[in-house]
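Just protein22.csv here, CSV, C-alpha atoms and all ligand atoms:
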chain,number,residue,atom,x,y,z
A,1,MET,CA,0.0,0.0,0.0
A,2,HIS,CA,2.6,2.6,0.9
A,3,GLU,CA,4.5,1.7,-2.3
A,4,TRP,CA,2.1,3.9,-4.1
A,5,SER,CA,2.7,6.9,-1.8
A,6,LEU,CA,6.4,6.5,-2.2
A,7,ALA,CA,6.2,6.2,-6.0
A,8,ILE,CA,4.5,9.6,-6.0
A,9,GLU,CA,7.2,11.1,-3.8
A,10,ILE,CA,9.9,9.8,-6.2
A,11,VAL,CA,8.3,11.4,-9.2
A,12,LYS,CA,7.9,14.7,-7.2
A,13,ILE,CA,11.5,14.9,-6.1
A,14,ALA,CA,12.9,13.8,-9.5
A,15,GLU,CA,10.9,16.4,-11.4
A,16,LYS,CA,12.0,19.1,-9.1
A,17,GLU,CA,15.6,18.2,-9.5
A,18,LEU,CA,15.2,18.0,-13.2
A,19,LYS,CA,13.7,21.5,-13.5
A,20,GLU,CA,16.3,23.0,-11.2
A,21,ARG,CA,19.1,21.6,-13.4
A,22,ASN,CA,17.4,22.4,-16.7
A,23,ALA,CA,17.5,18.8,-17.8
A,24,LYS,CA,15.3,17.4,-20.5
A,25,LYS,CA,14.2,14.2,-18.9
A,26,VAL,CA,15.0,11.6,-16.2
A,27,GLU,CA,16.5,8.4,-17.5
A,28,GLU,CA,17.3,6.5,-14.4
A,29,VAL,CA,16.3,6.6,-10.7
A,30,PHE,CA,18.4,4.8,-8.1
A,31,LEU,CA,16.9,4.1,-4.6
A,32,GLU,CA,18.2,2.6,-1.4
A,33,ILE,CA,15.4,1.0,0.6
A,34,GLY,CA,16.0,-0.5,4.0
A,35,SER,CA,14.4,-3.8,4.7
A,36,LEU,CA,12.7,-2.6,7.9
A,37,ASN,CA,10.3,-0.4,5.8
A,38,ASN,CA,8.3,-3.4,4.6
A,39,ILE,CA,8.5,-2.2,1.1
A,40,VAL,CA,7.8,-4.8,-1.6
A,41,VAL,CA,10.2,-3.9,-4.3
A,42,GLU,CA,8.2,-5.3,-7.2
A,43,GLN,CA,5.2,-3.4,-6.0
A,44,LEU,CA,7.2,-0.2,-5.7
A,45,ILE,CA,8.4,-0.7,-9.3
A,46,ASP,CA,4.8,-1.4,-10.5
A,47,ALA,CA,3.5,1.7,-8.7
A,48,PHE,CA,6.4,3.8,-10.2
A,49,GLU,CA,5.5,2.6,-13.7
A,50,ILE,CA,2.0,4.0,-13.2
A,51,ALA,CA,3.0,7.2,-11.3
A,52,LYS,CA,5.5,8.3,-13.9
A,53,LYS,CA,3.0,8.3,-16.8
A,54,GLY,CA,2.6,11.7,-18.3
A,55,THR,CA,5.5,13.2,-16.3
A,56,LEU,CA,9.0,14.0,-17.2
A,57,LEU,CA,9.9,10.6,-15.9
A,58,ASP,CA,7.9,8.9,-18.6
A,59,ASP,CA,10.9,6.9,-19.9
A,60,ALA,CA,12.7,6.6,-16.6
A,61,LYS,CA,13.9,3.2,-15.2
A,62,LEU,CA,13.8,2.6,-11.5
A,63,TYR,CA,16.6,0.6,-9.7
A,64,VAL,CA,16.1,-0.4,-6.1
A,65,GLU,CA,18.9,-1.5,-3.9
A,66,GLU,CA,17.7,-3.2,-0.8
A,67,ILE,CA,19.6,-2.7,2.5
A,68,GLU,CA,19.7,-5.4,5.1
A,69,ALA,CA,18.9,-4.5,8.6
A,70,VAL,CA,21.9,-4.2,11.0
A,71,ALA,CA,21.7,-3.4,14.7
A,72,PHE,CA,24.2,-2.7,17.4
A,73,CYS,CA,23.7,-4.5,20.7
A,74,ASN,CA,24.5,-2.4,23.7
A,75,LYS,CA,24.9,-5.5,25.9
A,76,CYS,CA,27.1,-7.5,23.6
A,77,ASN,CA,28.9,-4.5,22.2
A,78,LYS,CA,28.5,-6.1,18.8
A,79,ARG,CA,26.7,-5.4,15.6
A,80,SER,CA,24.7,-8.1,13.8
A,81,GLU,CA,22.4,-8.5,10.9
A,82,ILE,CA,18.8,-8.8,12.1
A,83,GLU,CA,16.0,-10.7,10.6
A,84,PRO,CA,12.9,-8.5,10.1
A,85,PRO,CA,10.3,-8.0,11.4
A,86,PHE,CA,11.5,-8.4,15.0
A,87,ILE,CA,14.3,-6.3,16.4
A,88,PHE,CA,16.5,-8.1,18.7
A,89,CYS,CA,20.2,-9.1,19.0
A,90,PRO,CA,20.7,-12.7,17.6
A,91,LEU,CA,23.5,-13.2,20.0
A,92,CYS,CA,21.9,-12.5,23.4
A,93,MET,CA,18.2,-12.3,22.2
A,94,GLY,CA,18.0,-9.0,24.0
A,95,ASN,CA,16.3,-5.9,22.6
A,96,ASP,CA,18.7,-3.2,23.9
A,97,VAL,CA,19.8,-2.6,20.4
A,98,LYS,CA,20.3,0.4,18.2
A,99,ILE,CA,19.2,0.1,14.5
A,100,GLU,CA,22.1,1.2,12.3
A,101,LYS,CA,20.9,0.1,8.9
A,102,GLY,CA,17.6,-1.0,7.4
A,103,GLU,CA,15.6,2.2,7.8
A,104,GLU,CA,16.8,3.8,4.5
A,105,LEU,CA,14.3,5.4,2.2
A,106,HIS,CA,16.7,7.2,0.0
A,107,LEU,CA,16.7,8.6,-3.5
A,108,LYS,CA,20.4,8.0,-4.1
A,109,LYS,CA,21.0,9.3,-7.6
A,110,LEU,CA,19.4,10.2,-10.9
A,111,THR,CA,20.6,10.0,-14.4
A,112,LEU,CA,19.4,13.1,-16.3
A,113,GLU,CA,19.3,13.7,-20.0
A,114,PHE,CA,20.2,17.2,-21.1
B,115,MET,CA,17.4,-2.3,-42.3
B,116,CYS,CA,14.0,-0.9,-42.4
B,117,GLU,CA,14.0,2.6,-43.9
B,118,GLU,CA,10.3,3.2,-43.6
B,119,CYS,CA,10.0,3.2,-39.9
B,120,GLY,CA,13.5,4.3,-39.1
B,121,CYS,CA,14.3,1.3,-36.8
B,122,GLY,CA,17.7,0.7,-38.4
B,123,ILE,CA,21.0,0.7,-36.6
B,124,PRO,CA,22.4,4.0,-38.1
B,125,GLU,CA,19.4,5.9,-36.9
B,126,GLU,CA,19.9,4.5,-33.4
B,127,SER,CA,23.5,5.4,-33.1
B,128,LYS,CA,22.8,8.9,-34.4
B,129,LYS,CA,20.2,9.3,-31.7
B,130,GLU,CA,22.6,8.3,-29.0
B,131,ALA,CA,25.3,10.7,-30.2
B,132,THR,CA,23.0,13.7,-29.8
B,133,HIS,CA,22.0,12.8,-26.2
B,134,LYS,CA,24.0,13.9,-23.2
B,135,SER,CA,23.4,12.2,-19.9
B,136,GLU,CA,24.7,13.0,-16.5
B,137,GLU,CA,24.5,11.3,-13.1
B,138,VAL,CA,23.4,13.4,-10.2
B,139,GLN,CA,24.2,12.2,-6.7
B,140,LEU,CA,21.4,13.2,-4.4
B,141,TYR,CA,21.1,10.9,-1.4
B,142,ARG,CA,17.8,12.5,-0.3
B,143,ASN,CA,15.2,11.1,2.0
B,144,LEU,CA,12.1,10.3,0.0
B,145,LEU,CA,9.9,11.8,2.7
B,146,GLU,CA,12.1,14.8,3.4
B,147,GLU,CA,9.3,17.3,2.5
B,148,ASN,CA,7.0,15.7,5.0
B,149,GLU,CA,9.7,15.7,7.6
B,150,LYS,CA,10.2,19.4,7.2
B,151,GLU,CA,6.4,20.0,7.6
B,152,ALA,CA,6.4,17.8,10.7
B,153,ASP,CA,9.1,20.0,12.2
B,154,GLU,CA,6.9,23.0,11.7
B,155,ASN,CA,4.0,21.2,13.4
B,156,ARG,CA,6.4,20.4,16.3
B,157,GLU,CA,7.2,24.1,16.6
B,158,HIS,CA,3.6,25.0,16.7
B,159,PHE,CA,2.9,22.5,19.5
B,160,PHE,CA,5.9,23.7,21.4
B,161,GLU,CA,5.0,27.4,21.1
B,162,HIS,CA,1.5,26.9,22.3
B,163,ASN,CA,2.1,24.2,25.0
B,164,VAL,CA,0.0,21.7,23.1
B,165,PHE,CA,0.7,18.1,23.8
B,166,ALA,CA,-0.1,16.1,20.7
B,167,VAL,CA,-1.0,12.5,20.2
B,168,ASN,CA,-1.1,10.6,16.9
B,169,LEU,CA,-3.7,7.9,17.2
B,170,MET,CA,-3.5,5.2,14.5
B,171,GLY,CA,-5.2,1.9,13.9
B,172,SER,CA,-7.3,-0.1,11.5
B,173,PRO,CA,-10.7,1.1,10.3
B,174,GLY,CA,-13.2,0.5,13.1
B,175,ALA,CA,-10.6,-0.3,15.8
B,176,GLY,CA,-12.4,2.0,18.2
B,177,LYS,CA,-10.2,5.1,17.9
B,178,THR,CA,-13.1,7.6,18.0
B,179,ALA,CA,-14.9,5.6,20.7
B,180,LEU,CA,-11.8,5.8,22.8
B,181,LEU,CA,-11.6,9.6,22.3
B,182,GLU,CA,-15.3,9.9,23.3
B,183,ALA,CA,-14.6,7.9,26.4
B,184,ILE,CA,-11.6,10.0,27.2
B,185,ALA,CA,-13.5,13.3,26.6
B,186,LYS,CA,-16.3,12.1,29.0
B,187,LYS,CA,-13.7,11.3,31.8
B,188,ILE,CA,-11.7,14.5,31.3
B,189,GLY,CA,-14.8,16.7,31.3
B,190,GLY,CA,-13.8,20.3,31.9
B,191,ASN,CA,-10.6,19.5,33.7
B,192,LEU,CA,-8.3,19.7,30.7
B,193,LYS,CA,-8.7,21.5,27.4
B,194,MET,CA,-8.9,18.8,24.8
B,195,ALA,CA,-9.3,19.0,21.0
B,196,VAL,CA,-9.3,16.5,18.1
B,197,ILE,CA,-8.2,16.5,14.5
B,198,GLU,CA,-10.0,13.8,12.6
B,199,GLY,CA,-8.6,12.2,9.5
B,200,ASP,CA,-10.9,10.2,7.2
B,201,LEU,CA,-11.2,9.7,3.4
B,202,ALA,CA,-14.7,11.1,3.5
B,203,THR,CA,-17.5,12.5,5.8
B,204,GLU,CA,-17.4,14.7,8.9
B,205,ARG,CA,-18.8,11.9,11.0
B,206,ASP,CA,-16.0,11.5,13.4
B,207,ALA,CA,-15.6,15.3,14.0
B,208,GLU,CA,-19.4,15.5,14.6
B,209,ARG,CA,-19.1,12.7,17.2
B,210,MET,CA,-16.5,14.6,19.1
B,211,LYS,CA,-18.5,17.8,18.9
B,212,ASN,CA,-21.4,15.9,20.4
B,213,VAL,CA,-19.4,15.1,23.5
B,214,GLY,CA,-18.3,18.8,23.8
B,215,VAL,CA,-14.9,18.6,22.2
B,216,GLU,CA,-13.5,21.1,19.6
B,217,ALA,CA,-12.9,19.1,16.5
B,218,VAL,CA,-11.6,19.7,12.9
B,219,GLN,CA,-12.2,17.2,10.2
B,220,ILE,CA,-9.6,16.5,7.5
B,221,MET,CA,-11.0,14.7,4.4
B,222,THR,CA,-8.2,13.1,2.5
B,223,GLY,CA,-10.1,12.0,-0.6
B,224,SER,CA,-8.2,9.0,-1.8
B,225,THR,CA,-5.2,9.3,0.5
B,226,CYS,CA,-5.0,6.6,3.1
B,227,HIS,CA,-3.0,8.5,5.7
B,228,LEU,CA,-2.5,11.9,7.1
B,229,ASP,CA,0.6,13.8,6.3
B,230,ALA,CA,2.3,16.6,8.1
B,231,LYS,CA,1.0,19.2,5.7
B,232,SER,CA,-2.7,18.3,6.1
B,233,VAL,CA,-2.3,18.4,9.8
B,234,HIS,CA,-0.6,21.7,9.6
B,235,LYS,CA,-3.6,23.2,7.7
B,236,ALA,CA,-5.9,21.8,10.3
B,237,LEU,CA,-3.9,23.3,13.1
B,238,HIS,CA,-4.6,26.8,11.7
B,239,LYS,CA,-8.3,26.1,12.3
B,240,LEU,CA,-7.8,25.5,16.0
B,241,ASP,CA,-7.3,28.0,18.8
B,242,LEU,CA,-4.0,26.4,20.0
B,243,GLU,CA,-3.6,28.7,22.9
B,244,ASN,CA,-6.7,27.1,24.3
B,245,ILE,CA,-5.7,23.5,23.9
B,246,GLU,CA,-3.7,21.4,26.3
B,247,LEU,CA,-4.2,18.0,24.9
B,248,LEU,CA,-4.6,17.4,21.1
B,249,PHE,CA,-5.4,14.1,19.5
B,250,VAL,CA,-4.9,13.5,15.8
B,251,GLU,CA,-7.0,10.5,14.8
B,252,ASN,CA,-5.3,9.2,11.7
B,253,VAL,CA,-7.0,7.5,8.8
B,254,GLY,CA,-8.0,4.0,9.6
B,255,ASN,CA,-5.0,2.0,8.2
B,256,LEU,CA,-2.2,-0.1,9.7
B,257,VAL,CA,0.2,0.6,6.8
B,258,CYS,CA,0.8,4.1,5.4
B,259,PRO,CA,0.3,6.3,8.5
B,260,ALA,CA,3.5,4.6,9.9
B,261,LEU,CA,5.6,6.3,7.2
B,262,TYR,CA,4.4,9.8,7.7
B,263,ASP,CA,5.6,11.7,10.7
B,264,ILE,CA,3.0,14.3,11.6
B,265,GLY,CA,5.0,15.9,14.3
B,266,CYS,CA,3.1,14.7,17.4
B,267,HIS,CA,4.8,14.1,20.7
B,268,ILE,CA,3.7,10.5,20.8
B,269,ASN,CA,2.3,8.0,18.4
B,270,GLY,CA,0.3,5.0,19.2
B,271,VAL,CA,-1.9,2.2,17.8
B,272,VAL,CA,-5.4,1.2,18.8
B,273,LEU,CA,-5.8,-2.5,18.1
B,274,SER,CA,-9.2,-4.1,18.8
B,275,VAL,CA,-9.5,-7.7,20.1
B,276,THR,CA,-11.8,-8.5,17.2
B,277,GLU,CA,-8.9,-8.0,14.7
B,278,GLY,CA,-7.1,-11.1,16.1
B,279,SER,CA,-4.0,-11.5,18.2
B,280,ASP,CA,-1.6,-12.0,15.3
B,281,LYS,CA,-1.8,-8.5,13.8
B,282,VAL,CA,1.3,-7.0,15.4
B,283,ALA,CA,3.9,-9.0,13.6
B,284,LYS,CA,1.9,-8.7,10.3
B,285,TYR,CA,2.2,-4.9,10.4
B,286,PRO,CA,5.5,-4.4,12.1
B,287,LEU,CA,6.4,-0.9,11.0
B,288,ILE,CA,3.4,0.9,12.6
B,289,PHE,CA,4.1,-0.8,16.0
B,290,ARG,CA,7.8,0.0,15.8
B,291,LYS,CA,6.9,3.7,15.4
B,292,SER,CA,4.5,3.7,18.3
B,293,GLN,CA,5.1,4.5,22.0
B,294,PHE,CA,2.0,2.8,23.1
B,295,LEU,CA,-0.3,0.0,22.0
B,296,ALA,CA,-3.9,0.3,23.2
B,297,LEU,CA,-5.7,-2.9,23.0
B,298,SER,CA,-9.4,-2.0,22.6
B,299,LYS,CA,-12.8,-3.6,23.0
B,300,THR,CA,-11.6,-5.8,25.8
B,301,ASP,CA,-15.2,-6.3,26.8
B,302,LEU,CA,-15.5,-8.5,23.7
B,303,ILE,CA,-12.7,-10.9,24.7
B,304,PRO,CA,-15.1,-13.6,26.0
B,305,TYR,CA,-16.7,-13.7,22.5
B,306,VAL,CA,-13.6,-13.9,20.3
B,307,ASP,CA,-10.5,-16.1,20.6
B,308,PHE,CA,-8.0,-13.6,21.6
B,309,ASN,CA,-4.6,-14.3,23.2
B,310,ILE,CA,-3.7,-11.1,24.9
B,311,GLU,CA,-0.1,-12.2,25.5
B,312,GLN,CA,0.7,-12.5,21.8
B,313,PRO,CA,0.4,-8.8,20.8
B,314,LYS,CA,2.1,-7.8,24.0
B,315,LYS,CA,5.1,-10.1,23.4
B,316,GLU,CA,5.4,-9.2,19.7
B,317,ALA,CA,5.1,-5.5,20.2
B,318,LYS,CA,8.0,-5.7,22.8
B,319,LEU,CA,10.1,-7.4,20.1
B,320,LEU,CA,9.5,-4.6,17.7
B,321,ARG,CA,10.0,-1.9,20.3
B,322,GLY,CA,11.4,-2.6,23.7
B,323,ASP,CA,9.9,0.4,25.5
B,324,ILE,CA,6.3,0.2,24.1
B,325,LYS,CA,3.6,0.8,26.7
B,326,PHE,CA,0.7,-1.6,26.7
B,327,PHE,CA,-2.9,-0.7,27.7
B,328,LYS,CA,-6.1,-2.8,27.9
B,329,LEU,CA,-9.1,-0.7,27.2
B,330,SER,CA,-12.8,-0.8,26.7
B,331,SER,CA,-14.6,2.3,25.7
B,332,LYS,CA,-17.9,0.5,26.6
B,333,THR,CA,-17.1,-0.5,30.2
B,334,GLU,CA,-14.4,2.2,30.5
B,335,GLU,CA,-11.9,-0.4,31.6
B,336,GLY,CA,-8.4,1.2,31.5
B,337,VAL,CA,-9.5,4.6,30.2
B,338,GLU,CA,-8.4,6.4,33.4
B,339,GLU,CA,-5.1,4.7,33.4
B,340,PHE,CA,-4.5,5.6,29.8
B,341,ILE,CA,-5.3,9.3,30.5
B,342,LYS,CA,-2.9,9.2,33.4
B,343,TYR,CA,-0.2,7.9,31.1
B,344,LEU,CA,-0.8,10.7,28.6
B,345,LEU,CA,-0.7,13.4,31.3
B,346,GLU,CA,2.6,12.0,32.6
B,347,LYS,CA,4.0,12.2,29.1
B,348,ARG,CA,2.7,15.7,28.8
B,349,LYS,CA,4.5,16.6,32.0
B,350,GLU,CA,7.8,15.1,30.6
B,351,VAL,CA,7.5,17.4,27.6
B,352,PHE,CA,6.4,20.7,29.2
B,353,GLU,CA,7.7,20.7,32.8
C,401,LIG,N1,-18.1,-3.6,22.4
C,401,LIG,C1,-17.3,-2.6,22.1
C,401,LIG,N2,-17.5,-1.9,20.9
C,401,LIG,C2,-16.7,-0.9,20.6
C,401,LIG,C3,-15.7,-0.4,21.5
C,401,LIG,N3,-15.1,0.6,21.0
C,401,LIG,C4,-15.7,0.8,19.8
C,401,LIG,N4,-16.6,-0.1,19.6
C,401,LIG,C5,-17.5,-0.2,18.4
C,401,LIG,O1,-16.7,-0.4,17.2
C,401,LIG,C6,-17.2,0.3,16.1
C,401,LIG,C7,-16.1,1.2,15.5
C,401,LIG,O2,-15.7,2.2,16.4
C,401,LIG,P1,-15.1,3.6,16.0
C,401,LIG,O3,-14.8,4.3,17.3
C,401,LIG,O4,-15.9,4.3,15.0
C,401,LIG,O5,-13.8,3.1,15.3
C,401,LIG,P2,-12.7,4.0,14.6
C,401,LIG,O6,-11.4,3.3,14.8
C,401,LIG,O7,-12.8,5.4,15.0
C,401,LIG,O8,-13.1,3.9,13.1
C,401,LIG,P3,-12.6,4.7,11.8
C,401,LIG,O9,-12.4,6.1,12.2
C,401,LIG,O10,-13.7,4.6,10.8
C,401,LIG,O11,-11.3,4.1,11.3
C,401,LIG,C8,-18.4,1.1,16.6
C,401,LIG,O12,-19.5,0.4,16.2
C,401,LIG,C9,-18.2,1.1,18.1
C,401,LIG,O13,-19.4,1.2,18.8
C,401,LIG,C10,-15.6,-1.1,22.8
C,401,LIG,O14,-14.8,-0.8,23.6
C,401,LIG,N5,-16.4,-2.2,23.0
C,402,MG,MG,-12.9,7.1,13.9
C,403,ZN,ZN,23.3,-8.8,22.3
C,404,ZN,ZN,-1.1,5.9,2.4

File written out as structure tokens:
Amino acid sequence: MHEWSLAIEIVKIAEKELKERNAKKVEEVFLEIGSLNNIVVEQLIDAFEIAKKGTLLDDAKLYVEEIEAVAFCNKCNKRSEIEPPFIFCPLCMGNDVKIEKGEELHLKKLTLEF
Amino acid sequence: MCEECGCGIPEESKKEATHKSEEVQLYRNLLEENEKEADENREHFFEHNVFAVNLMGSPGAGKTALLEAIAKKIGGNLKMAVIEGDLATERDAERMKNVGVEAVQIMTGSTCHLDAKSVHKALHKLDLENIELLFVENVGNLVCPALYDIGCHINGVVLSVTEGSDKVAKYPLIFRKSQFLALSKTDLIPYVDFNIEQPKKEAKLLRGDIKFFKLSSKTEEGVEEFIKYLLEKRKEVFE
């Protein structure tokens, strides 16, 4: 469901960048999406294909890099990959952890045509 | 080579030569615009000493019923107001007005969540100087509201026992963003198979410090305790 909202945000940001830089159109969009956001990449791409219609992103291709979740455990003093959805340290099973990766919702770069 | 439609190789290479592409590194948060607006809401709340609560949950979880129950208990002791978010109708705002609470309705049309901007607009329709406790009842939805910070001091989910005890792990993001989980309609537990330990346990695994409440707007079970919690949080922010 929120894939649709995000697809619209992508189009909005990319169009703004394009206009600011006087480019003609957007060719490629690169995202970084953390696994803790529960985003289904295929659905995001499908939503993007619809959201881009009739915009300056009409021909743009979307690339999504998924980022695995990593947390630092304050008890073990170690960082580990965590398995969504639950957030706990796989070493001690405790939840005194700080999420370091996995929450990304980033538009990393654009390829613009001039 | 097909000359008629121009699909030939020479045409292609000519096309490429006239195009100039450039990579632009951005590294921007997709929701940055909303985050900026949320910061503005925070400023408004801070300026006027308004403690704001973002109340989320599925359609029909009992969010408005809980707010009605809270309003009845609070009476004139605290100045309360509500911003209601729904796709359509002013029904929820009307319900709050009927129990004597100032209420503003946001109609989102097709949007399944409130964003900071829509809340900001609604804030301008309220007399913030005269509000101590503000609830924002989000659009009934366990998915999208989790992504959109609206600038409230605390966020929480109302989850009714009729939805089933397995919902927390199925919609992890919204519970991870919530400081409290209010389990509602507990008066119905005898009629539905509901294992109260499961959501409690799963919510703790999503967020270690989440507060858990058992509430019934019908019998008023837990309503007073919930208000006490909100007032303590308010104190932490403003005193
Ligand atoms: N038995 C019982 N019914 C409840 C309770 N709380 C709410 N209900 C009923 O549940 C239904 C939905 O309640 P609402 O308060 O409208 O739910 P909501 O979460 O505000 O719904 P939306 O705003 O449409 O998403 C109504 O028919 C209420 O009467 C409760 O504590 N016990
Ligand atoms: Mg409601
Ligand atoms: Zn550990
Ligand atoms: Zn949404």

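Nearest to ligand LIG 401 (chain C) of all the residues B:Ala207, B:Val138, B:Ala230, B:Val253 is B:Val253, counting all atoms listed in the file.
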
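Residues of chain A having any atom within 8 Å of chain B, counting all atoms listed in the file, are Met1, His2, Ser5, Leu6, Glu9, Ile10, Ile13, Leu36, Asn37, Asn38, Pro85, Phe86, Ile87, Phe88, Asn95, Asp96, Glu104, Leu105, His106, Leu107, Lys108, Lys109, Leu110, Thr111, Leu112, Glu113 and Phe114 of chain A.
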
Expected selection as an mmCIF file with C-alpha atoms, in the coordinates of the input for ligand LIG 401 (chain C) within 10 Å, only C-alpha atoms and all ligand atoms:
data_model
loop_
_atom_site.group_PDB
_atom_site.id
_atom_site.type_symbol
_atom_site.label_atom_id
_atom_site.label_comp_id
_atom_site.auth_asym_id
_atom_site.auth_seq_id
_atom_site.Cartn_x
_atom_site.Cartn_y
_atom_site.Cartn_z
ATOM 1 C CA LEU B 169 -3.700 7.900 17.200
ATOM 2 C CA MET B 170 -3.500 5.200 14.500
ATOM 3 C CA GLY B 171 -5.200 1.900 13.900
ATOM 4 C CA SER B 172 -7.300 -0.100 11.500
ATOM 5 C CA PRO B 173 -10.700 1.100 10.300
ATOM 6 C CA GLY B 174 -13.200 0.500 13.100
ATOM 7 C CA ALA B 175 -10.600 -0.300 15.800
ATOM 8 C CA GLY B 176 -12.400 2.000 18.200
ATOM 9 C CA LYS B 177 -10.200 5.100 17.900
ATOM 10 C CA THR B 178 -13.100 7.600 18.000
ATOM 11 C CA ALA B 179 -14.900 5.600 20.700
ATOM 12 C CA LEU B 180 -11.800 5.800 22.800
ATOM 13 C CA LEU B 181 -11.600 9.600 22.300
ATOM 14 C CA GLU B 182 -15.300 9.900 23.300
ATOM 15 C CA ALA B 183 -14.600 7.900 26.400
ATOM 16 C CA GLU B 198 -10.000 13.800 12.600
ATOM 17 C CA GLY B 199 -8.600 12.200 9.500
ATOM 18 C CA ASP B 200 -10.900 10.200 7.200
ATOM 19 C CA LEU B 201 -11.200 9.700 3.400
ATOM 20 C CA ALA B 202 -14.700 11.100 3.500
ATOM 21 C CA ARG B 205 -18.800 11.900 11.000
ATOM 22 C CA ASP B 206 -16.000 11.500 13.400
ATOM 23 C CA ALA B 207 -15.600 15.300 14.000
ATOM 24 C CA ARG B 209 -19.100 12.700 17.200
ATOM 25 C CA GLU B 251 -7.000 10.500 14.800
ATOM 26 C CA ASN B 252 -5.300 9.200 11.700
ATOM 27 C CA VAL B 253 -7.000 7.500 8.800
ATOM 28 C CA GLY B 254 -8.000 4.000 9.600
ATOM 29 C CA ASN B 255 -5.000 2.000 8.200
ATOM 30 C CA VAL B 272 -5.400 1.200 18.800
ATOM 31 C CA LEU B 273 -5.800 -2.500 18.100
ATOM 32 C CA SER B 274 -9.200 -4.100 18.800
ATOM 33 C CA VAL B 275 -9.500 -7.700 20.100
ATOM 34 C CA THR B 276 -11.800 -8.500 17.200
ATOM 35 C CA LEU B 297 -5.700 -2.900 23.000
ATOM 36 C CA SER B 298 -9.400 -2.000 22.600
ATOM 37 C CA LYS B 299 -12.800 -3.600 23.000
ATOM 38 C CA THR B 300 -11.600 -5.800 25.800
ATOM 39 C CA ASP B 301 -15.200 -6.300 26.800
ATOM 40 C CA LEU B 302 -15.500 -8.500 23.700
ATOM 41 C CA ILE B 303 -12.700 -10.900 24.700
ATOM 42 C CA LYS B 328 -6.100 -2.800 27.900
ATOM 43 C CA LEU B 329 -9.100 -0.700 27.200
ATOM 44 C CA SER B 330 -12.800 -0.800 26.700
ATOM 45 C CA SER B 331 -14.600 2.300 25.700
ATOM 46 C CA LYS B 332 -17.900 0.500 26.600
ATOM 47 C CA THR B 333 -17.100 -0.500 30.200
ATOM 48 C CA GLU B 334 -14.400 2.200 30.500
ATOM 49 C CA GLU B 335 -11.900 -0.400 31.600
#

Handout entry: For ligand ZN 404 (chain C), the nearest of the candidates B:Asp229, B:Glu154, B:Glu350, B:Asp241, counting only C-alpha atoms and all ligand atoms
Key = B:Asp229

Exercise for the section: May I ask for the distance between CA of Asp59 (chain A) and CA of Ile8 (chain A), given in Å to one decimal place? Expected result: 15.5 Å

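Going from CA of Asp153 (chain B) over to CA of Ile264 (chain B), you cover 8.4 Å.
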
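Here CA of Val26 (chain A) is placed at a distance of 13.1 Å from CA of Phe48 (chain A).
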
Problem - Shell of 12 Å around Arg79 (chain A), all atoms listed in the file, local chain residues under 2 positions omitted, as a ChimeraX atom specification - result: /A:69-77,81-82,88-92,96-101

Go ahead and write the residues just picked, C-alpha atoms, as a PDB file, keeping the file's coordinate frame.
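Contents of the output file part-v8.pdb:
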ATOM      1  CA  ALA A  69      18.900  -4.500   8.600  1.00  0.00           C
ATOM      2  CA  VAL A  70      21.900  -4.200  11.000  1.00  0.00           C
ATOM      3  CA  ALA A  71      21.700  -3.400  14.700  1.00  0.00           C
ATOM      4  CA  PHE A  72      24.200  -2.700  17.400  1.00  0.00           C
ATOM      5  CA  CYS A  73      23.700  -4.500  20.700  1.00  0.00           C
ATOM      6  CA  ASN A  74      24.500  -2.400  23.700  1.00  0.00           C
ATOM      7  CA  LYS A  75      24.900  -5.500  25.900  1.00  0.00           C
ATOM      8  CA  CYS A  76      27.100  -7.500  23.600  1.00  0.00           C
ATOM      9  CA  ASN A  77      28.900  -4.500  22.200  1.00  0.00           C
ATOM     10  CA  GLU A  81      22.400  -8.500  10.900  1.00  0.00           C
ATOM     11  CA  ILE A  82      18.800  -8.800  12.100  1.00  0.00           C
ATOM     12  CA  PHE A  88      16.500  -8.100  18.700  1.00  0.00           C
ATOM     13  CA  CYS A  89      20.200  -9.100  19.000  1.00  0.00           C
ATOM     14  CA  PRO A  90      20.700 -12.700  17.600  1.00  0.00           C
ATOM     15  CA  LEU A  91      23.500 -13.200  20.000  1.00  0.00           C
ATOM     16  CA  CYS A  92      21.900 -12.500  23.400  1.00  0.00           C
ATOM     17  CA  ASP A  96      18.700  -3.200  23.900  1.00  0.00           C
ATOM     18  CA  VAL A  97      19.800  -2.600  20.400  1.00  0.00           C
ATOM     19  CA  LYS A  98      20.300   0.400  18.200  1.00  0.00           C
ATOM     20  CA  ILE A  99      19.200   0.100  14.500  1.00  0.00           C
ATOM     21  CA  GLU A 100      22.100   1.200  12.300  1.00  0.00           C
ATOM     22  CA  LYS A 101      20.900   0.100   8.900  1.00  0.00           C
TER      23      LYS A 101
END

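Each of A:Ser80, A:Asp46, A:Val40, A:Glu103 was compared to ligand ZN 403 (chain C) using all atoms listed in the file, and A:Ser80 turns out to be the nearest.
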
Exercise for the section: List the residues sitting within 12 Å of (6.4, 22.1, 28.9) in the file's frame, using all atoms listed in the file, as a ChimeraX atom specification. Expected result: /B:159-165,246,267,345-353

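Using all atoms listed in the file, the nearest neighbour of Lys25 (chain A) within the list A:Ile67, A:Ala47, A:Val41, A:Val11 is A:Val11.
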
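Nearest-residue note for His234 (chain B): choosing from B:Lys342, B:Lys314, B:His158, B:Lys325, the minimum distance belongs to B:His158, counting only C-alpha atoms.
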
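Close contacts of Ile45 (chain A), defined as residues with an atom at most 9 Å away when counting all atoms listed in the file, with chain neighbours fewer than 2 positions off set aside, comprise A:Glu3, A:Ala7, A:Val40, A:Val41, A:Glu42, A:Gln43, A:Ala47, A:Phe48, A:Glu49, A:Ile50, A:Lys61, A:Leu62, A:Tyr63, A:Val64.
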